[in-house]
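Undergrad: To be precise about what I am sending: the file is called data.cif and holds mmCIF, C-alpha atoms.
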```
data_upload
loop_
_atom_site.label_atom_id
_atom_site.label_comp_id
_atom_site.auth_asym_id
_atom_site.auth_seq_id
_atom_site.Cartn_x
_atom_site.Cartn_y
_atom_site.Cartn_z
CA MET A 1 -22.13 -72.73 -6.59
CA LEU A 2 -25.64 -71.29 -6.14
CA THR A 3 -28.48 -72.43 -8.33
CA ALA A 4 -31.76 -70.58 -8.03
CA LEU A 5 -34.85 -70.28 -10.17
CA ALA A 6 -36.29 -66.81 -10.45
CA GLN A 7 -38.21 -64.53 -12.76
CA PRO A 8 -35.84 -61.87 -14.16
CA GLN A 9 -37.61 -59.24 -12.09
CA LYS A 10 -36.89 -61.33 -8.97
CA LEU A 11 -33.22 -62.05 -9.53
CA PRO A 12 -31.26 -61.95 -6.27
CA VAL A 13 -29.19 -59.12 -7.78
CA GLU A 14 -29.83 -55.42 -7.39
CA LEU A 15 -28.50 -52.21 -8.84
CA ALA A 16 -27.13 -50.47 -5.74
CA PRO A 17 -26.29 -46.75 -5.60
CA GLY A 18 -22.72 -46.08 -6.69
CA LYS A 19 -22.22 -49.65 -7.95
CA ILE A 20 -21.79 -50.98 -11.48
CA VAL A 21 -23.16 -54.27 -12.73
CA GLY A 22 -21.72 -55.69 -15.95
CA LEU A 23 -23.84 -57.86 -18.25
CA GLU A 24 -21.79 -59.83 -20.75
CA GLY A 25 -22.47 -62.52 -23.29
CA PRO A 26 -23.64 -63.09 -26.83
CA ALA A 27 -26.82 -61.59 -28.23
CA GLY A 28 -30.00 -63.62 -27.89
CA LEU A 29 -29.53 -64.83 -24.32
CA GLY A 30 -31.95 -62.36 -22.73
CA LEU A 31 -29.37 -60.10 -21.10
CA THR A 32 -31.24 -56.96 -22.15
CA ARG A 33 -34.27 -58.19 -20.23
CA VAL A 34 -32.08 -58.96 -17.22
CA GLY A 35 -30.55 -55.47 -17.46
CA LEU A 36 -33.96 -53.82 -17.67
CA SER A 37 -35.13 -55.85 -14.68
CA LEU A 38 -32.34 -54.22 -12.65
CA LEU A 39 -34.20 -50.91 -13.12
CA ILE A 40 -37.36 -52.13 -11.35
CA ALA A 41 -36.47 -51.21 -7.76
CA PRO A 42 -34.83 -47.86 -8.63
CA SER A 43 -37.90 -46.92 -10.73
CA GLN A 44 -40.02 -47.12 -7.58
CA VAL A 45 -38.12 -44.17 -6.07
CA GLY A 46 -36.84 -42.12 -9.00
CA THR A 47 -36.26 -41.73 -12.72
CA VAL A 48 -34.37 -44.49 -14.53
CA VAL A 49 -32.78 -44.39 -17.97
CA ALA A 50 -32.13 -47.05 -20.59
CA ILE A 51 -29.49 -46.07 -23.15
CA ASP A 52 -29.99 -47.83 -26.48
CA ALA A 53 -26.76 -48.10 -28.48
CA ARG A 54 -28.25 -50.18 -31.29
CA GLY A 55 -30.43 -47.45 -32.74
CA GLY A 56 -34.01 -48.30 -31.88
CA TRP A 57 -33.83 -51.92 -30.75
CA LEU A 58 -34.62 -51.24 -27.11
CA SER A 59 -38.35 -50.91 -26.55
CA PRO A 60 -39.89 -49.21 -23.51
CA LEU A 61 -42.52 -51.95 -23.59
CA ALA A 62 -39.85 -54.53 -22.67
CA ALA A 63 -38.99 -52.50 -19.55
CA TRP A 64 -42.65 -52.05 -18.63
CA GLU A 65 -43.28 -55.79 -19.03
CA VAL A 66 -40.63 -56.66 -16.43
CA GLY A 67 -42.03 -54.13 -13.96
CA VAL A 68 -40.28 -50.78 -14.52
CA LYS A 69 -42.69 -47.91 -13.75
CA PRO A 70 -43.69 -46.37 -17.11
CA SER A 71 -43.84 -42.82 -15.73
CA ARG A 72 -40.25 -43.07 -14.46
CA LEU A 73 -38.53 -44.56 -17.55
CA VAL A 74 -36.61 -42.53 -20.12
CA VAL A 75 -35.08 -44.18 -23.20
CA VAL A 76 -32.09 -42.40 -24.75
CA ARG A 77 -30.66 -43.51 -28.08
CA CYS A 78 -26.93 -43.02 -28.70
CA SER A 79 -24.91 -45.33 -30.94
CA ASN A 80 -21.98 -42.96 -31.56
CA PRO A 81 -19.01 -44.28 -29.51
CA ARG A 82 -17.43 -40.80 -29.37
CA LEU A 83 -20.55 -39.24 -27.80
CA TRP A 84 -21.75 -42.21 -25.76
CA ALA A 85 -19.63 -41.57 -22.63
CA LYS A 86 -20.69 -37.90 -22.55
CA VAL A 87 -24.35 -38.88 -22.88
CA CYS A 88 -24.02 -41.42 -20.06
CA ALA A 89 -22.24 -38.91 -17.84
CA ALA A 90 -24.95 -36.29 -18.42
CA VAL A 91 -27.72 -38.79 -17.68
CA LEU A 92 -26.07 -39.99 -14.45
CA GLU A 93 -26.30 -36.47 -13.02
CA GLY A 94 -29.92 -36.71 -11.97
CA VAL A 95 -31.31 -40.24 -12.05
CA ALA A 96 -31.58 -43.21 -9.71
CA ALA A 97 -30.20 -45.80 -12.15
CA VAL A 98 -29.10 -46.38 -15.74
CA TYR A 99 -29.02 -49.46 -17.97
CA ALA A 100 -26.63 -48.68 -20.84
CA GLU A 101 -25.63 -50.69 -23.87
CA VAL A 102 -21.97 -49.96 -24.62
CA PRO A 103 -21.28 -49.55 -28.35
CA THR A 104 -18.16 -50.98 -29.92
CA GLY A 105 -15.36 -48.43 -29.87
CA VAL A 106 -15.85 -46.97 -26.39
CA GLY A 107 -12.42 -46.88 -24.77
CA GLU A 108 -11.31 -48.17 -21.41
CA ASN A 109 -10.48 -44.66 -20.16
CA GLU A 110 -14.01 -43.44 -20.86
CA LEU A 111 -15.45 -46.43 -19.01
CA ARG A 112 -13.18 -45.82 -16.01
CA ARG A 113 -14.20 -42.13 -15.86
CA LEU A 114 -17.84 -43.18 -16.07
CA ALA A 115 -17.30 -45.66 -13.22
CA ALA A 116 -15.80 -42.92 -11.04
CA LEU A 117 -18.72 -40.61 -11.83
CA THR A 118 -21.20 -43.38 -11.00
CA ARG A 119 -19.62 -43.82 -7.57
CA ALA A 120 -19.56 -40.05 -6.96
CA ARG A 121 -23.20 -39.53 -8.01
CA LYS A 122 -24.44 -42.58 -6.07
CA ALA A 123 -26.42 -43.79 -9.08
CA GLY A 124 -26.77 -47.44 -10.07
CA LEU A 125 -25.32 -48.37 -13.44
CA ALA A 126 -25.70 -51.55 -15.49
CA LEU A 127 -23.38 -51.78 -18.51
CA ARG A 128 -24.05 -54.18 -21.39
CA PRO A 129 -21.19 -54.19 -23.94
CA LEU A 130 -22.53 -55.07 -27.37
CA ARG A 131 -19.22 -56.84 -28.14
CA GLY A 132 -16.53 -58.21 -25.91
CA GLN A 133 -16.35 -57.57 -22.22
CA LEU A 134 -15.78 -54.73 -19.80
CA PRO A 135 -12.26 -53.96 -18.55
CA ALA A 136 -11.25 -55.55 -15.25
CA GLY A 137 -11.96 -53.59 -12.09
CA ILE A 138 -14.87 -51.52 -13.39
CA THR A 139 -17.78 -53.62 -12.18
CA HIS A 140 -18.83 -54.43 -8.65
CA LEU A 141 -20.79 -57.41 -9.96
CA ARG A 142 -20.52 -59.24 -13.28
CA LEU A 143 -23.29 -61.35 -14.83
CA LYS A 144 -22.05 -63.41 -17.75
CA GLY A 145 -24.61 -65.18 -19.93
CA ARG A 146 -23.62 -68.79 -20.55
CA ALA A 147 -26.56 -70.53 -22.19
CA VAL A 148 -30.25 -70.26 -22.91
CA SER A 149 -32.84 -72.95 -23.44
CA TRP A 150 -36.42 -72.60 -24.61
CA GLU A 151 -39.41 -74.72 -23.68
CA GLY A 152 -42.77 -75.01 -25.32
CA PRO A 153 -42.76 -75.73 -29.04
CA GLU A 154 -42.43 -79.35 -30.00
CA ARG A 155 -41.26 -80.25 -33.50
CA GLY A 156 -41.40 -76.59 -34.48
CA HIS A 157 -45.05 -76.03 -33.51
CA GLY A 158 -46.72 -74.46 -30.49
CA SER A 159 -46.05 -71.54 -28.18
CA LEU A 160 -42.94 -70.71 -26.22
CA THR A 161 -43.71 -71.12 -22.54
CA GLU A 162 -40.40 -70.54 -20.82
CA ARG A 163 -36.83 -69.36 -21.36
CA GLN A 164 -34.14 -70.66 -19.01
CA LEU A 165 -31.03 -68.46 -18.82
CA SER A 166 -27.81 -69.67 -17.21
CA LEU A 167 -25.71 -66.84 -15.74
CA GLU A 168 -22.26 -66.89 -14.22
CA VAL A 169 -22.20 -64.39 -11.33
CA SER A 170 -18.97 -63.00 -9.87
CA GLY A 171 -17.95 -59.85 -8.06
CA LYS A 172 -15.52 -58.02 -5.82
CA SER A 173 -16.98 -59.41 -2.60
CA LEU A 174 -18.67 -62.46 -4.05
CA PRO A 175 -17.32 -65.88 -4.98
CA TRP A 176 -18.14 -67.30 -8.41
CA GLN A 177 -21.73 -68.61 -8.62
CA GLU A 178 -24.09 -69.91 -11.23
CA LEU A 179 -27.64 -68.60 -11.41
CA GLN A 180 -30.54 -69.99 -13.43
CA ALA A 181 -33.22 -67.47 -14.37
CA THR A 182 -36.57 -68.23 -15.95
CA ALA A 183 -38.13 -65.64 -18.24
#
```
What do you get writing this file as structure tokens?
TA:
Amino acid sequence: MLTALAQPQKLPVELAPGKIVGLEGPAGLGLTRVGLSLLIAPSQVGTVVAIDARGGWLSPLAAWEVGVKPSRLVVVRCSNPRLWAKVCAAVLEGVAAVYAEVPTGVGENELRRLAALTRARKAGLALRPLRGQLPAGITHLRLKGRAVSWEGPERGHGSLTERQLSLEVSGKSLPWQELQATA
């Protein structure tokens, strides 16, 4: 088991070309921020895309705050599960990396085709299912949110100073690990 403290933008995880990272866990843990932080390095060399499947919840400001280059970020909104895979496939054609929220209703076959396209196009892809988890064998690396704790306000008063996120990390060539990230 590995325990490390890191800012989300300094997680010891990267979005490598042709590889898929899965981000799973309940809402409110900070996984969107972790996913956006995976776009930092690719945004230094090319265009990156964030696909918002919740209809306007994903803010470009959140990506800029973690260090994604503003001039290289494109936000695409697509909540329709029947169109989502086609939108992702089209976006993967010419970008360095994509962070995509996966809406409920996207089938396993569509995800497997998207995984094959990701490998062929040598783009990095981070998938964040809004419900449930990704099918086995699609991801190269899986980050599963386990818990979050907040520090700062005492007795309901004051400012939040830190968020501690506990992640379970596993992958095809990686033994199970636990990672603590501070946001």
Undergrad: Which protein, DNA or RNA residues are at most 9 Å from (-21.9, -58.2, -18.4) in the file's coordinates when you count all atoms listed in the file, listed as a list in words?
TA: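 Protein and nucleic acid residues near the point are Val21, Gly22, Leu23, Glu24, Gly25, Leu31, Ala126, Leu127, Arg128, Pro129, Gln133, Leu134, Thr139, Leu141, Arg142, Leu143, Lys144 and Gly145 of chain A.
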Undergrad: Take the residues from that selection and write them out as a short mmCIF file (atom, residue, chain, number, x, y, z; two decimals), keeping the file's coordinate frame, keeping C-alpha atoms.
TA:
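So the final result, stored in selection37.cif, reads:
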```cif
data_model
loop_
_atom_site.label_atom_id
_atom_site.label_comp_id
_atom_site.auth_asym_id
_atom_site.auth_seq_id
_atom_site.Cartn_x
_atom_site.Cartn_y
_atom_site.Cartn_z
CA VAL A 21 -23.16 -54.27 -12.73
CA GLY A 22 -21.72 -55.69 -15.95
CA LEU A 23 -23.84 -57.86 -18.25
CA GLU A 24 -21.79 -59.83 -20.75
CA GLY A 25 -22.47 -62.52 -23.29
CA LEU A 31 -29.37 -60.10 -21.10
CA ALA A 126 -25.70 -51.55 -15.49
CA LEU A 127 -23.38 -51.78 -18.51
CA ARG A 128 -24.05 -54.18 -21.39
CA PRO A 129 -21.19 -54.19 -23.94
CA GLN A 133 -16.35 -57.57 -22.22
CA LEU A 134 -15.78 -54.73 -19.80
CA THR A 139 -17.78 -53.62 -12.18
CA LEU A 141 -20.79 -57.41 -9.96
CA ARG A 142 -20.52 -59.24 -13.28
CA LEU A 143 -23.29 -61.35 -14.83
CA LYS A 144 -22.05 -63.41 -17.75
CA GLY A 145 -24.61 -65.18 -19.93
#
```
Undergrad: Grab the atom CA of A:Val49 to atom CA of A:Ser149 distance for me, in Å with one decimal place.
TA: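 Between atom CA of A:Val49 and atom CA of A:Ser149 the gap is 29.1 Å.
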Undergrad: Hey, what comes out of the PyMOL selection byres ((chain A and resi 35) around 10) on this file? Could you write it as an mmCIF file with C-alpha atoms, keeping the file's coordinate frame?
TA:
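Result file is result27.cif:
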```cif
data_model
loop_
_atom_site.group_PDB
_atom_site.id
_atom_site.type_symbol
_atom_site.label_atom_id
_atom_site.label_comp_id
_atom_site.auth_asym_id
_atom_site.auth_seq_id
_atom_site.Cartn_x
_atom_site.Cartn_y
_atom_site.Cartn_z
ATOM 1 C CA PRO A 8 -35.840 -61.870 -14.160
ATOM 2 C CA GLN A 9 -37.610 -59.240 -12.090
ATOM 3 C CA LEU A 15 -28.500 -52.210 -8.840
ATOM 4 C CA VAL A 21 -23.160 -54.270 -12.730
ATOM 5 C CA GLY A 22 -21.720 -55.690 -15.950
ATOM 6 C CA LEU A 23 -23.840 -57.860 -18.250
ATOM 7 C CA GLY A 30 -31.950 -62.360 -22.730
ATOM 8 C CA LEU A 31 -29.370 -60.100 -21.100
ATOM 9 C CA THR A 32 -31.240 -56.960 -22.150
ATOM 10 C CA ARG A 33 -34.270 -58.190 -20.230
ATOM 11 C CA VAL A 34 -32.080 -58.960 -17.220
ATOM 12 C CA LEU A 36 -33.960 -53.820 -17.670
ATOM 13 C CA SER A 37 -35.130 -55.850 -14.680
ATOM 14 C CA LEU A 38 -32.340 -54.220 -12.650
ATOM 15 C CA LEU A 39 -34.200 -50.910 -13.120
ATOM 16 C CA ILE A 40 -37.360 -52.130 -11.350
ATOM 17 C CA ALA A 50 -32.130 -47.050 -20.590
ATOM 18 C CA ALA A 63 -38.990 -52.500 -19.550
ATOM 19 C CA VAL A 98 -29.100 -46.380 -15.740
ATOM 20 C CA TYR A 99 -29.020 -49.460 -17.970
ATOM 21 C CA ALA A 100 -26.630 -48.680 -20.840
ATOM 22 C CA GLU A 101 -25.630 -50.690 -23.870
ATOM 23 C CA LEU A 125 -25.320 -48.370 -13.440
ATOM 24 C CA ALA A 126 -25.700 -51.550 -15.490
ATOM 25 C CA LEU A 127 -23.380 -51.780 -18.510
ATOM 26 C CA ARG A 128 -24.050 -54.180 -21.390
ATOM 27 C CA LEU A 143 -23.290 -61.350 -14.830
#
```
Undergrad: Show me, as a PyMOL selection string, the residues that have an atom within 6 Å of A:Ala96 when counting only C-alpha atoms, minus same-chain residues fewer than 5 positions from it.
TA: chain A and resi 42+46-48+123
Undergrad: Could you state which residues are captured by the PyMOL selection byres ((chain A and resi 59-61) around 12) in this file, as a VMD selection string?
TA: chain A and resid 32 to 33 36 39 48 to 52 54 to 58 62 to 77
Undergrad: Write out as a tab-separated table (two decimals) with C-alpha atoms, in the coordinates of the input the residues lying within 8 Å of stretch 102-116 of chain A, counting only C-alpha atoms and excluding same-chain residues fewer than 6 positions away.
TA:
```
chain	number	residue	atom	x	y	z
A	20	ILE	CA	-21.79	-50.98	-11.48
A	53	ALA	CA	-26.76	-48.10	-28.48
A	54	ARG	CA	-28.25	-50.18	-31.29
A	79	SER	CA	-24.91	-45.33	-30.94
A	80	ASN	CA	-21.98	-42.96	-31.56
A	81	PRO	CA	-19.01	-44.28	-29.51
A	82	ARG	CA	-17.43	-40.80	-29.37
A	84	TRP	CA	-21.75	-42.21	-25.76
A	85	ALA	CA	-19.63	-41.57	-22.63
A	88	CYS	CA	-24.02	-41.42	-20.06
A	89	ALA	CA	-22.24	-38.91	-17.84
A	127	LEU	CA	-23.38	-51.78	-18.51
A	128	ARG	CA	-24.05	-54.18	-21.39
A	129	PRO	CA	-21.19	-54.19	-23.94
A	130	LEU	CA	-22.53	-55.07	-27.37
A	131	ARG	CA	-19.22	-56.84	-28.14
A	135	PRO	CA	-12.26	-53.96	-18.55
A	138	ILE	CA	-14.87	-51.52	-13.39
```
Undergrad: Do you have the atom CA of A:Ala90-atom CA of A:Gly171 distance handy?
TA: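 Atom-to-atom, atom CA of A:Ala90 and atom CA of A:Gly171 are spaced 26.7 Å apart.
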Undergrad: Quick one: pull the distance between atom CA of A:Val169 and atom CA of A:Gly94, Å, one decimal.
TA: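 A separation of 28.7 Å between them.
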Undergrad: Find the residue from A:Ser166, A:Ser159, A:Thr118, A:Ser43 that sits nearest to A:Val91; use only C-alpha atoms when measuring.
TA: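 Among A:Ser166, A:Ser159, A:Thr118, A:Ser43, it is A:Thr118 that comes nearest to A:Val91.
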